[in-house]
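Q: File data24.txt follows (compact mmCIF, C-alpha atoms and all ligand atoms):
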# COMPACT_ATOMS: atom_id res chain seq x y z
CA MET A 60 77.76 59.73 208.30
CA LEU A 61 80.39 62.42 207.98
CA ILE A 62 83.17 59.98 208.77
CA LYS A 63 81.83 57.53 206.27
CA LYS A 64 81.76 60.23 203.60
CA SER A 65 85.31 61.38 204.14
CA ALA A 66 86.55 57.80 204.22
CA PHE A 67 84.76 57.25 200.96
CA PHE A 68 86.35 60.37 199.51
CA LEU A 69 89.78 59.05 200.45
CA ILE A 70 89.10 55.75 198.77
CA MET A 71 88.16 57.59 195.62
CA VAL A 72 91.30 59.69 195.68
CA VAL A 73 93.48 56.64 196.11
CA LYS A 74 91.66 54.73 193.43
CA LYS A 75 91.92 57.61 190.99
CA ASP A 76 95.64 57.88 191.55
CA VAL A 77 96.07 54.25 190.62
CA VAL A 78 94.33 54.77 187.31
CA GLU A 79 96.14 58.00 186.60
CA GLY A 80 99.45 56.43 187.53
CA GLU A 81 99.29 54.25 184.46
CA GLU A 82 98.85 57.20 182.18
CA ILE A 83 101.26 59.72 183.56
CA VAL A 84 104.36 57.79 184.46
CA ASP A 85 106.94 60.26 185.74
CA ASP A 86 104.57 62.32 187.80
CA ALA A 87 104.57 60.37 191.04
CA PRO A 88 106.14 62.88 193.47
CA LYS A 89 103.90 65.71 192.26
CA LYS A 90 100.83 63.54 192.67
CA LYS A 91 101.63 63.12 196.32
CA VAL A 92 101.77 66.87 196.85
CA SER A 93 98.47 67.49 195.13
CA LYS A 94 96.81 64.71 197.11
CA LYS A 95 98.02 66.27 200.31
CA LYS A 96 96.77 69.63 199.17
CA GLU A 97 93.35 68.19 198.45
CA GLU A 98 93.12 66.74 201.95
CA GLU A 99 94.22 69.96 203.57
CA ALA A 100 92.23 72.38 201.44
CA PRO A 101 91.16 75.20 203.76
CA LYS A 102 87.49 75.41 204.63
CA LEU A 103 85.23 78.32 205.51
CA ILE A 104 85.68 77.60 209.21
CA ASP A 105 89.45 78.10 208.84
CA ILE A 106 89.02 81.76 207.89
CA PRO A 107 89.71 84.11 210.79
CA GLY A 108 86.49 85.77 211.96
CA VAL A 109 84.27 83.04 210.50
CA GLY A 110 82.75 80.91 213.25
CA PRO A 111 80.32 77.98 213.06
CA GLY A 112 77.32 80.33 213.12
CA ALA A 113 78.65 82.30 210.15
CA VAL A 114 79.45 79.06 208.30
CA ALA A 115 75.87 77.87 208.78
CA LYS A 116 74.52 81.15 207.43
CA LEU A 117 76.90 81.10 204.48
CA GLU A 118 75.98 77.53 203.65
CA ALA A 119 72.33 78.43 203.87
CA ALA A 120 73.06 81.08 201.25
CA GLY A 121 74.72 78.50 199.02
CA ILE A 122 78.33 79.41 199.83
CA TYR A 123 80.36 76.33 200.70
CA GLU A 124 83.89 77.18 199.73
CA LEU A 125 86.53 79.86 200.11
CA MET A 126 85.97 80.98 196.55
CA GLY A 127 82.33 81.78 197.26
CA LEU A 128 83.31 84.00 200.16
CA ALA A 129 86.34 85.55 198.50
CA VAL A 130 84.27 87.02 195.69
CA LEU A 131 81.78 88.79 197.97
CA THR A 132 81.96 92.43 198.92
CA ALA A 133 82.37 93.27 202.61
CA ALA A 134 78.78 94.54 202.70
CA GLN A 135 77.42 91.34 201.15
CA LEU A 136 79.36 89.14 203.52
CA SER A 137 78.35 91.23 206.50
CA ASP A 138 74.69 90.85 205.49
CA THR A 139 74.90 87.16 204.71
CA ALA A 140 76.93 85.99 207.67
CA GLY A 141 75.79 88.52 210.24
CA MET A 142 79.20 89.99 211.04
CA SER A 143 80.47 93.55 211.11
CA GLU A 144 81.80 94.99 207.89
CA SER A 145 85.32 95.33 209.24
CA VAL A 146 85.41 91.65 210.27
CA ALA A 147 83.94 90.79 206.87
CA ARG A 148 86.63 92.77 205.07
CA LYS A 149 89.37 90.98 206.97
CA ALA A 150 87.75 87.59 206.34
CA ILE A 151 87.61 88.27 202.61
CA GLN A 152 91.26 89.30 202.53
CA ALA A 153 92.23 86.21 204.50
CA ALA A 154 90.22 83.93 202.21
CA ARG A 155 91.89 85.44 199.16
CA LYS A 156 95.32 84.89 200.69
CA MET A 157 94.51 81.31 201.65
CA MET A 158 93.36 80.60 198.13
CA ASP A 159 96.71 81.59 196.65
CA MET A 160 97.88 78.16 197.71
CA GLY A 161 95.56 76.71 195.12
CA PHE A 162 97.44 78.04 192.11
CA VAL A 163 98.80 75.59 189.60
CA ASP A 164 100.91 76.69 186.67
CA GLY A 165 99.36 76.69 183.23
CA LEU A 166 101.39 73.73 182.05
CA ALA A 167 100.26 71.55 184.96
CA HIS A 168 96.71 72.66 184.31
CA GLU A 169 97.04 71.72 180.66
CA GLU A 170 98.41 68.31 181.63
CA LYS A 171 95.43 67.78 183.92
CA ARG A 172 93.03 68.62 181.11
CA LYS A 173 94.49 65.85 178.97
CA GLU A 174 92.62 63.34 181.14
CA LEU A 175 89.33 64.70 179.87
CA PHE A 176 87.07 62.66 177.64
CA ASN A 177 84.68 63.94 175.03
CA ILE A 178 81.38 62.36 174.12
CA THR A 179 79.87 62.70 170.68
CA THR A 180 76.30 63.92 170.38
CA GLY A 181 75.87 61.89 167.20
CA SER A 182 75.66 65.03 165.05
CA LYS A 183 78.86 66.48 163.57
CA ASN A 184 77.29 69.95 163.55
CA LEU A 185 76.52 69.76 167.25
CA ASP A 186 79.93 68.27 168.06
CA ASN A 187 81.59 71.12 166.19
CA LEU A 188 79.52 73.68 168.04
CA LEU A 189 80.96 72.18 171.22
CA GLY A 190 84.54 72.48 170.02
CA GLY A 191 84.71 69.47 167.69
CA LYS A 192 84.14 66.43 169.85
CA GLY A 193 80.88 66.86 171.70
CA ILE A 194 80.42 67.34 175.43
CA GLN A 195 83.24 67.08 177.93
CA THR A 196 83.96 65.30 181.20
CA LYS A 197 84.51 67.33 184.39
CA ALA A 198 81.96 69.80 183.08
CA ILE A 199 78.23 70.34 183.25
CA THR A 200 76.51 70.86 179.91
CA GLU A 201 73.00 72.25 180.12
CA ALA A 202 70.43 72.14 177.34
CA PHE A 203 67.47 74.42 177.84
CA GLY A 204 64.53 74.90 175.57
CA ALA A 205 60.79 74.57 175.16
CA PHE A 206 58.87 71.30 175.32
CA GLY A 207 59.74 69.20 172.27
CA SER A 208 62.87 71.15 171.40
CA GLY A 209 65.06 68.02 171.53
CA LYS A 210 66.60 68.05 175.00
CA THR A 211 65.67 64.45 175.79
CA GLN A 212 66.59 63.20 172.31
CA LEU A 213 70.05 64.70 172.76
CA ALA A 214 70.31 63.03 176.16
CA LEU A 215 69.48 59.63 174.66
CA SER A 216 71.96 60.14 171.86
CA LEU A 217 74.71 60.98 174.37
CA ALA A 218 73.83 57.91 176.45
CA VAL A 219 74.59 55.82 173.37
CA GLY A 220 77.61 57.89 172.28
CA VAL A 221 79.41 57.56 175.62
CA GLN A 222 79.66 53.81 175.08
CA LEU A 223 81.69 54.14 171.89
CA PRO A 224 85.45 53.64 172.01
CA VAL A 225 87.46 56.84 172.39
CA GLU A 226 88.63 56.68 168.72
CA GLN A 227 84.98 56.78 167.66
CA GLY A 228 84.06 59.74 169.78
CA GLY A 229 82.94 58.01 172.96
CA ALA A 230 84.46 57.51 176.39
CA ASN A 231 84.18 53.74 176.50
CA GLY A 232 81.90 54.05 179.50
CA LYS A 233 78.39 53.69 180.83
CA ALA A 234 75.71 56.29 181.34
CA VAL A 235 73.49 57.03 184.30
CA TYR A 236 70.10 58.48 183.44
CA ILE A 237 68.19 60.26 186.18
CA ASP A 238 64.72 60.64 184.78
CA THR A 239 62.48 63.08 186.61
CA GLU A 240 59.76 63.34 183.99
CA GLY A 241 59.27 59.73 182.98
CA THR A 242 60.38 60.39 179.42
CA PHE A 243 63.24 57.88 179.14
CA ARG A 244 62.34 55.63 176.22
CA PRO A 245 64.25 52.34 175.75
CA GLU A 246 62.72 52.03 172.26
CA ARG A 247 64.43 55.26 171.24
CA VAL A 248 67.74 54.01 172.63
CA ARG A 249 67.33 50.85 170.53
CA GLN A 250 66.73 52.94 167.42
CA PHE A 251 69.76 55.13 168.13
CA ALA A 252 71.91 52.04 168.75
CA GLU A 253 70.76 50.45 165.50
CA GLY A 254 71.53 53.73 163.77
CA ILE A 255 75.22 53.33 164.55
CA GLY A 256 75.25 49.56 164.05
CA ALA A 257 75.56 48.71 167.76
CA ASN A 258 73.84 45.88 169.61
CA PRO A 259 70.73 47.48 171.18
CA ASP A 260 70.59 45.06 174.13
CA LYS A 261 74.18 45.77 175.04
CA VAL A 262 73.68 49.49 174.68
CA LEU A 263 70.60 49.44 176.91
CA LYS A 264 72.41 47.37 179.50
CA ASN A 265 75.04 50.09 179.80
CA ILE A 266 72.50 52.77 180.68
CA LEU A 267 71.54 52.77 184.34
CA VAL A 268 68.17 54.45 184.67
CA ALA A 269 66.57 55.76 187.84
CA ARG A 270 63.31 57.60 188.14
CA ALA A 271 63.54 60.49 190.62
CA PHE A 272 60.19 61.07 192.29
CA ASN A 273 60.93 64.38 193.94
CA SER A 274 63.81 66.75 194.46
CA ASP A 275 64.99 65.04 197.65
CA HIS A 276 65.07 61.74 195.84
CA GLN A 277 66.89 63.40 192.95
CA MET A 278 69.53 64.66 195.37
CA LEU A 279 69.85 61.27 197.08
CA LEU A 280 70.36 59.53 193.75
CA LEU A 281 73.54 61.51 193.30
CA ASP A 282 75.08 59.76 196.31
CA ARG A 283 73.97 56.48 194.80
CA VAL A 284 75.82 57.31 191.58
CA ALA A 285 78.96 58.03 193.57
CA ASP A 286 78.54 54.61 195.22
CA LEU A 287 78.18 52.91 191.85
CA ILE A 288 81.40 54.49 190.65
CA LYS A 289 83.10 53.44 193.86
CA ASP A 290 81.94 49.89 193.19
CA GLY A 291 83.76 50.02 189.88
CA GLU A 292 81.03 50.90 187.39
CA PRO A 293 82.81 52.71 184.52
CA ILE A 294 80.38 55.61 184.42
CA ARG A 295 81.45 58.49 182.21
CA LEU A 296 78.16 60.30 181.72
CA MET A 297 75.41 61.37 184.08
CA ILE A 298 72.19 62.73 182.65
CA ILE A 299 69.65 64.63 184.71
CA ASP A 300 66.47 65.02 182.67
CA SER A 301 65.23 67.41 183.92
CA LEU A 302 67.40 69.27 186.35
CA THR A 303 64.80 71.77 187.44
CA ALA A 304 61.31 70.28 187.02
CA HIS A 305 60.93 68.93 190.58
CA PHE A 306 62.49 71.98 192.19
CA ARG A 307 60.21 74.20 190.18
CA ALA A 308 57.08 72.25 191.06
CA GLU A 309 57.87 71.88 194.76
CA PHE A 310 58.96 75.44 195.39
CA SER A 311 56.44 77.31 193.34
CA GLY A 312 55.21 79.84 195.90
CA ARG A 313 56.49 83.38 195.71
CA GLY A 314 58.20 83.21 199.09
CA GLN A 315 59.92 79.94 198.21
CA LEU A 316 62.14 81.19 195.45
CA ALA A 317 65.19 81.76 197.65
CA ASP A 318 64.77 78.33 199.18
CA ARG A 319 64.51 76.70 195.78
CA GLN A 320 67.58 78.50 194.46
CA GLN A 321 69.56 77.52 197.50
CA ARG A 322 68.75 73.84 197.12
CA LEU A 323 69.36 73.96 193.40
CA ASN A 324 72.69 75.61 194.05
CA ARG A 325 73.68 72.89 196.50
CA TYR A 326 72.64 70.20 194.05
CA LEU A 327 74.63 71.76 191.19
CA HIS A 328 77.61 72.13 193.47
CA ASN A 329 77.45 68.42 194.32
CA LEU A 330 76.99 67.49 190.67
CA MET A 331 80.15 69.37 189.74
CA LYS A 332 82.03 67.70 192.56
CA VAL A 333 81.04 64.23 191.38
CA ALA A 334 81.93 65.21 187.79
CA GLU A 335 85.36 66.49 188.77
CA GLN A 336 86.28 63.73 191.17
CA ASN A 337 85.32 60.97 188.75
CA ASN A 338 86.12 62.56 185.40
CA LEU A 339 82.60 62.22 184.11
CA ALA A 340 80.40 64.39 181.94
CA VAL A 341 77.16 65.79 183.29
CA TYR A 342 74.35 66.67 180.90
CA VAL A 343 71.30 68.38 182.37
CA THR A 344 68.12 69.56 180.72
CA ASN A 345 66.24 72.62 181.77
CA GLN A 346 62.91 74.15 180.97
CA VAL A 347 62.22 77.70 179.90
CA MET A 348 59.65 80.22 180.95
CA SER A 349 58.57 83.32 179.14
CA ASP A 350 60.25 86.48 180.24
CA PRO A 351 57.82 89.40 179.98
CA ALA A 352 60.66 91.89 180.42
CA GLN A 353 62.24 90.81 177.16
CA MET A 354 61.05 93.15 174.39
CA PHE A 355 63.22 91.99 171.49
CA GLY A 356 64.42 88.61 170.34
CA ASP A 357 63.34 85.37 171.93
CA PRO A 358 61.21 86.04 175.01
CA THR A 359 62.20 82.88 176.85
CA LYS A 360 64.71 82.26 179.57
CA ALA A 361 65.99 79.23 181.42
CA ILE A 362 64.64 78.23 184.83
CA GLY A 363 66.97 78.69 187.75
CA GLY A 364 68.39 82.01 186.63
CA ASN A 365 71.98 82.85 187.38
CA ILE A 366 72.46 79.96 189.76
CA VAL A 367 72.06 77.43 186.97
CA GLY A 368 73.72 79.71 184.42
CA HIS A 369 76.87 80.10 186.44
CA ALA A 370 77.11 76.49 187.56
CA CYS A 371 76.90 75.04 184.06
CA THR A 372 80.10 75.07 182.03
CA TYR A 373 78.39 74.88 178.65
CA ARG A 374 74.87 76.11 177.96
CA LEU A 375 72.92 75.11 174.89
CA TYR A 376 69.67 76.73 173.86
CA LEU A 377 67.52 74.45 171.72
CA ARG A 378 64.56 75.47 169.63
CA ARG A 379 62.58 74.27 166.65
CA GLY A 380 63.78 75.64 163.32
CA LYS A 381 62.52 75.51 159.75
CA LYS A 382 61.20 72.26 158.30
CA ASP A 383 61.32 70.26 161.52
CA SER A 384 64.97 71.06 162.13
CA ARG A 385 66.36 71.99 165.52
CA VAL A 386 68.50 75.05 166.11
CA CYS A 387 71.09 74.83 168.85
CA LYS A 388 72.87 77.87 170.18
CA LEU A 389 75.94 77.78 172.42
CA ILE A 390 75.90 80.50 175.07
CA ASP A 391 78.60 81.77 177.44
CA SER A 392 81.22 79.10 176.91
CA PRO A 393 84.55 79.48 178.77
CA ASP A 394 86.56 78.57 175.68
CA LEU A 395 84.35 78.63 172.60
CA PRO A 396 82.67 81.40 170.61
CA ASP A 397 78.93 81.88 170.91
CA ASN A 398 77.58 80.22 167.83
CA GLU A 399 74.65 78.21 166.53
CA THR A 400 74.00 75.23 164.36
CA VAL A 401 71.16 73.14 162.95
CA PHE A 402 70.41 69.42 163.13
CA MET A 403 67.53 67.01 162.63
CA ILE A 404 65.98 64.49 164.98
CA GLU A 405 65.39 61.30 163.03
CA THR A 406 64.30 57.80 163.91
CA ASP A 407 67.84 56.43 163.95
CA GLY A 408 69.57 59.37 165.58
CA LEU A 409 70.52 63.02 165.38
CA LYS A 410 71.43 63.93 161.81
CA ASP A 411 73.19 66.83 160.20
CA ILE A 412 71.78 69.07 157.57
CA GLU A 413 73.64 71.52 155.37
CA ILE A 414 74.11 74.92 156.94
N1 LIG B 501 61.17 58.41 166.45
C1 LIG B 501 61.30 59.71 166.16
N2 LIG B 501 61.58 60.10 164.92
C2 LIG B 501 61.73 61.38 164.60
N3 LIG B 501 61.59 62.38 165.47
C3 LIG B 501 61.33 62.07 166.74
C4 LIG B 501 61.17 60.72 167.14
N4 LIG B 501 60.91 60.71 168.46
C5 LIG B 501 60.89 61.99 168.85
N5 LIG B 501 61.13 62.81 167.83
C6 LIG B 501 61.18 64.28 167.82
O1 LIG B 501 61.61 64.72 169.07
C7 LIG B 501 60.68 65.61 169.65
C8 LIG B 501 60.68 65.48 171.14
O2 LIG B 501 61.92 65.92 171.57
P1 LIG B 501 62.36 65.77 173.09
O3 LIG B 501 63.83 65.74 173.11
O4 LIG B 501 61.65 64.63 173.69
O5 LIG B 501 61.81 67.14 173.68
P2 LIG B 501 62.16 67.85 175.06
O6 LIG B 501 62.99 69.03 174.67
O7 LIG B 501 60.83 68.27 175.59
O8 LIG B 501 62.87 66.89 175.90
C9 LIG B 501 59.37 65.24 169.05
O9 LIG B 501 58.50 66.33 169.02
C10 LIG B 501 59.78 64.84 167.64
O10 LIG B 501 59.89 65.97 166.82
MG MG B 502 62.27 65.96 177.65
Using the file provided, produce a representation of the structure as structure tokens.
Ligand SMILES: Nc1ncnc2c1ncn2[C@@H]1O[C@H](COP(=O)(O)OP(=O)(O)O)[C@@H](O)[C@H]1O
Ligand SMILES: [Mg+2]

A:
Amino acid sequence: MLIKKSAFFLIMVVKKDVVEGEEIVDDAPKKKVSKKKEEEAPKLIDIPGVGPGAVAKLEAAGIYELMGLAVLTAAQLSDTAGMSESVARKAIQAARKMMDMGFVDGLAHEEKRKELFNITTGSKNLDNLLGGKGIQTKAITEAFGAFGSGKTQLALSLAVGVQLPVEQGGANGKAVYIDTEGTFRPERVRQFAEGIGANPDKVLKNILVARAFNSDHQMLLLDRVADLIKDGEPIRLMIIDSLTAHFRAEFSGRGQLADRQQRLNRYLHNLMKVAEQNNLAVYVTNQVMSDPAQMFGDPTKAIGGNIVGHACTYRLYLRRGKKDSRVCKLIDSPDLPDNETVFMIETDGLKDIEI
């Protein structure tokens, strides 16, 4: 299983290089170096003082990579991995040193970001909130909000938008829709397609839908998506609607919270890996619960707490506004100001209103 996975990873790396090679012509020698680096990226087990037992404990706590360990305090690591504080301190220092190898200069980083695609939401207001062009590949965008706030409608609109040519705000690709709540509606996709003058049959054909029956199934489906991409499906968008519902239902007992968060963390980690390796956008929806500790403002917060908050690159908070409108607020973006906008959900798509 492990061998099969790493072989598969290699195939993907090679395949990606071929595609990239066409775009960036005079970059061949550098490519080789970065490929080598990817293969030899140090793992937890390579850190002095971290044995297989400690790795197992760290993984159980949702820490899979050097970065996760490097940001801990010695006391936290000692607690988590069951080692003395002095060993922990040395391990953290070593991990930080080993990670220095991962630096790329800003220019190279900028060049890498040029491969990214954007996907229009269908609403100019929403696209602008997200920096002008909608959601982005190699990133997870989360929409959280109450029932009926528009999370699924936005998902459907994106599943249509991704199919547009790049000049029209799409990524010329297909969408995968992992439906955990049974709310995927082909009729709505037809209406959205008609709204932009596209052939509804063709648009529906380019959306690969799977119903996830429980959280294990949801996690397995991710491997299946990776297989589809390997088989040459031009997938540029993966939708998980909803990210948290199964996890929340299955791990609802008080004592199960840590377990749930750990599994959610692993899932998000894998989602990001698939997004980064294949240059695809991930859009996830999330529910809210009321937060009794909140005295002022909106007393709701997203499920999954910090684990989901930190794993998602862009977070959108959706709620109903005046006159049937929807208000969307961007929270904690790495490169955009916190801001909000308004749009309408209509039969033929998401529409703008004056703000
Ligand atoms: N055909 C339609 N025309 C106009 N509005 C619609 C249509 N279908 C759904 N909606 C709006 O979308 C809302 C449901 O939004 P949805 O995205 O499914 O919510 P959730 O956030 O729970 O996923 C409905 O309450 C309705 O206001
Ligand atoms: Mg929904």

Q: Work out how far atom CA of Gly254 of chain A is from atom CA of Gly241 of chain A, in Å to one decimal.

A: 23.6 Å

Q: To one decimal place in Å, what is the distance between atom CA of Ser182 of chain A and atom CA of Leu281 of chain A?

A: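 Taking atom CA of Ser182 of chain A as the start and atom CA of Leu281 of chain A as the end point, the length is 28.5 Å.
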
Q: What is the atom CA of Gly368 of chain A to atom C6 of ligand LIG 501 (chain B) distance in Å?

A: 25.9 Å

Q: Within 7 Å of ligand MG 502 (chain B), which residues show up when you count all atoms listed in the file? List them as an MDAnalysis selection string, please.

A: chainID A and resid 206:207 210:211 242 300

Q: In terms of the shortest atom-to-atom distance over all atoms listed in the file, which of A:Leu213, A:Ala133, A:Ile194, A:Ala234 is closest to ligand LIG 501 (chain B)?

A: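 Between A:Leu213, A:Ala133, A:Ile194, A:Ala234, the residue approaching ligand LIG 501 (chain B) most closely is A:Leu213.
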
Q: May I have the residues within 9 Å of ligand LIG 501 (chain B), computed using only C-alpha atoms and all ligand atoms, as an MDAnalysis selection string?

A: chainID A and resid 202:215 242:243 246:247 250 300:301 344:346 377:379 383:385 403:409

Q: Considering all atoms listed in the file, can you say which of A:Val219, A:Ala269, A:Ala129, A:Ile122 comes closest to Gly232 of chain A?

A: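 With all atoms listed in the file as the atom set, the closest residue is A:Val219.
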
Q: So, counting only C-alpha atoms, which residue among A:Glu399, A:Asp357, A:Glu253, A:Glu292 is closest to Leu189 of chain A?

A: A:Glu399

Q: Place a sphere of radius 12 Å on (85.5, 69.2, 179.7) in the file coordinates and name every protein, DNA or RNA residue with an atom inside or on its surface, counting all atoms listed in the file; give the answer as a short mmCIF file (atom, residue, chain, number, x, y, z; two decimals) with C-alpha atoms, in the frame of the given file.

A:
data_model
loop_
_atom_site.label_atom_id
_atom_site.label_comp_id
_atom_site.auth_asym_id
_atom_site.auth_seq_id
_atom_site.Cartn_x
_atom_site.Cartn_y
_atom_site.Cartn_z
CA GLU A 169 97.04 71.72 180.66
CA LYS A 171 95.43 67.78 183.92
CA ARG A 172 93.03 68.62 181.11
CA LYS A 173 94.49 65.85 178.97
CA GLU A 174 92.62 63.34 181.14
CA LEU A 175 89.33 64.70 179.87
CA PHE A 176 87.07 62.66 177.64
CA ASN A 177 84.68 63.94 175.03
CA ILE A 178 81.38 62.36 174.12
CA LEU A 189 80.96 72.18 171.22
CA GLY A 190 84.54 72.48 170.02
CA LYS A 192 84.14 66.43 169.85
CA GLY A 193 80.88 66.86 171.70
CA ILE A 194 80.42 67.34 175.43
CA GLN A 195 83.24 67.08 177.93
CA THR A 196 83.96 65.30 181.20
CA LYS A 197 84.51 67.33 184.39
CA ALA A 198 81.96 69.80 183.08
CA ILE A 199 78.23 70.34 183.25
CA THR A 200 76.51 70.86 179.91
CA ARG A 295 81.45 58.49 182.21
CA LEU A 296 78.16 60.30 181.72
CA MET A 331 80.15 69.37 189.74
CA ALA A 334 81.93 65.21 187.79
CA GLU A 335 85.36 66.49 188.77
CA ASN A 338 86.12 62.56 185.40
CA LEU A 339 82.60 62.22 184.11
CA ALA A 340 80.40 64.39 181.94
CA VAL A 341 77.16 65.79 183.29
CA TYR A 342 74.35 66.67 180.90
CA CYS A 371 76.90 75.04 184.06
CA THR A 372 80.10 75.07 182.03
CA TYR A 373 78.39 74.88 178.65
CA SER A 392 81.22 79.10 176.91
CA PRO A 393 84.55 79.48 178.77
CA ASP A 394 86.56 78.57 175.68
CA LEU A 395 84.35 78.63 172.60
#

Q: Which is closer to Leu217 of chain A than all the others in A:Thr359, A:Asn265, A:Thr179, A:Gln277, using all atoms listed in the file?

A: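 Under the stated criterion, the closest residue is A:Thr179.
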
Q: Taking 2 positions as the minimum chain separation for residues in the same chain, which residues sit within 12 Å of Lys116 of chain A when counting all atoms listed in the file? Answer as a ChimeraX atom specification.

A: /A:103-104,109-114,118-123,128,136-142,321

Q: For segment 189-208 of chain A, what centre and edge lengths in Å (one decimal) does the axis-aligned box get once 3 Å is added on each side of all its listed atoms, as AutoDock Vina command-line options?

A:
--center_x 71.8 --center_y 70.1 --center_z 176.0 --size_x 31.8 --size_y 15.6 --size_z 22.7

Q: Find the residue from A:Asp286, A:Glu309, A:Glu226, A:Asp186 that sits nearest to Val401 of chain A; use all atoms listed in the file when measuring.

A: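 Among the listed residues, the smallest separation from Val401 of chain A belongs to A:Asp186.
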
Q: Compare A:Lys183, A:Arg319, A:His276, A:Lys381 by their minimum atom-to-atom distance to Ile366 of chain A, counting all atoms listed in the file, and give me the closest one.

A: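 Of the candidates, the smallest distance to Ile366 of chain A is held by A:Arg319.
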
Q: Applying 10 Å and all atoms listed in the file, which residues near Ala308 of chain A remain after dropping the ones on its own chain fewer than 3 positions away? List them as a PyMOL selection string.

A: chain A and resi 273-274+303-305+311-312+319
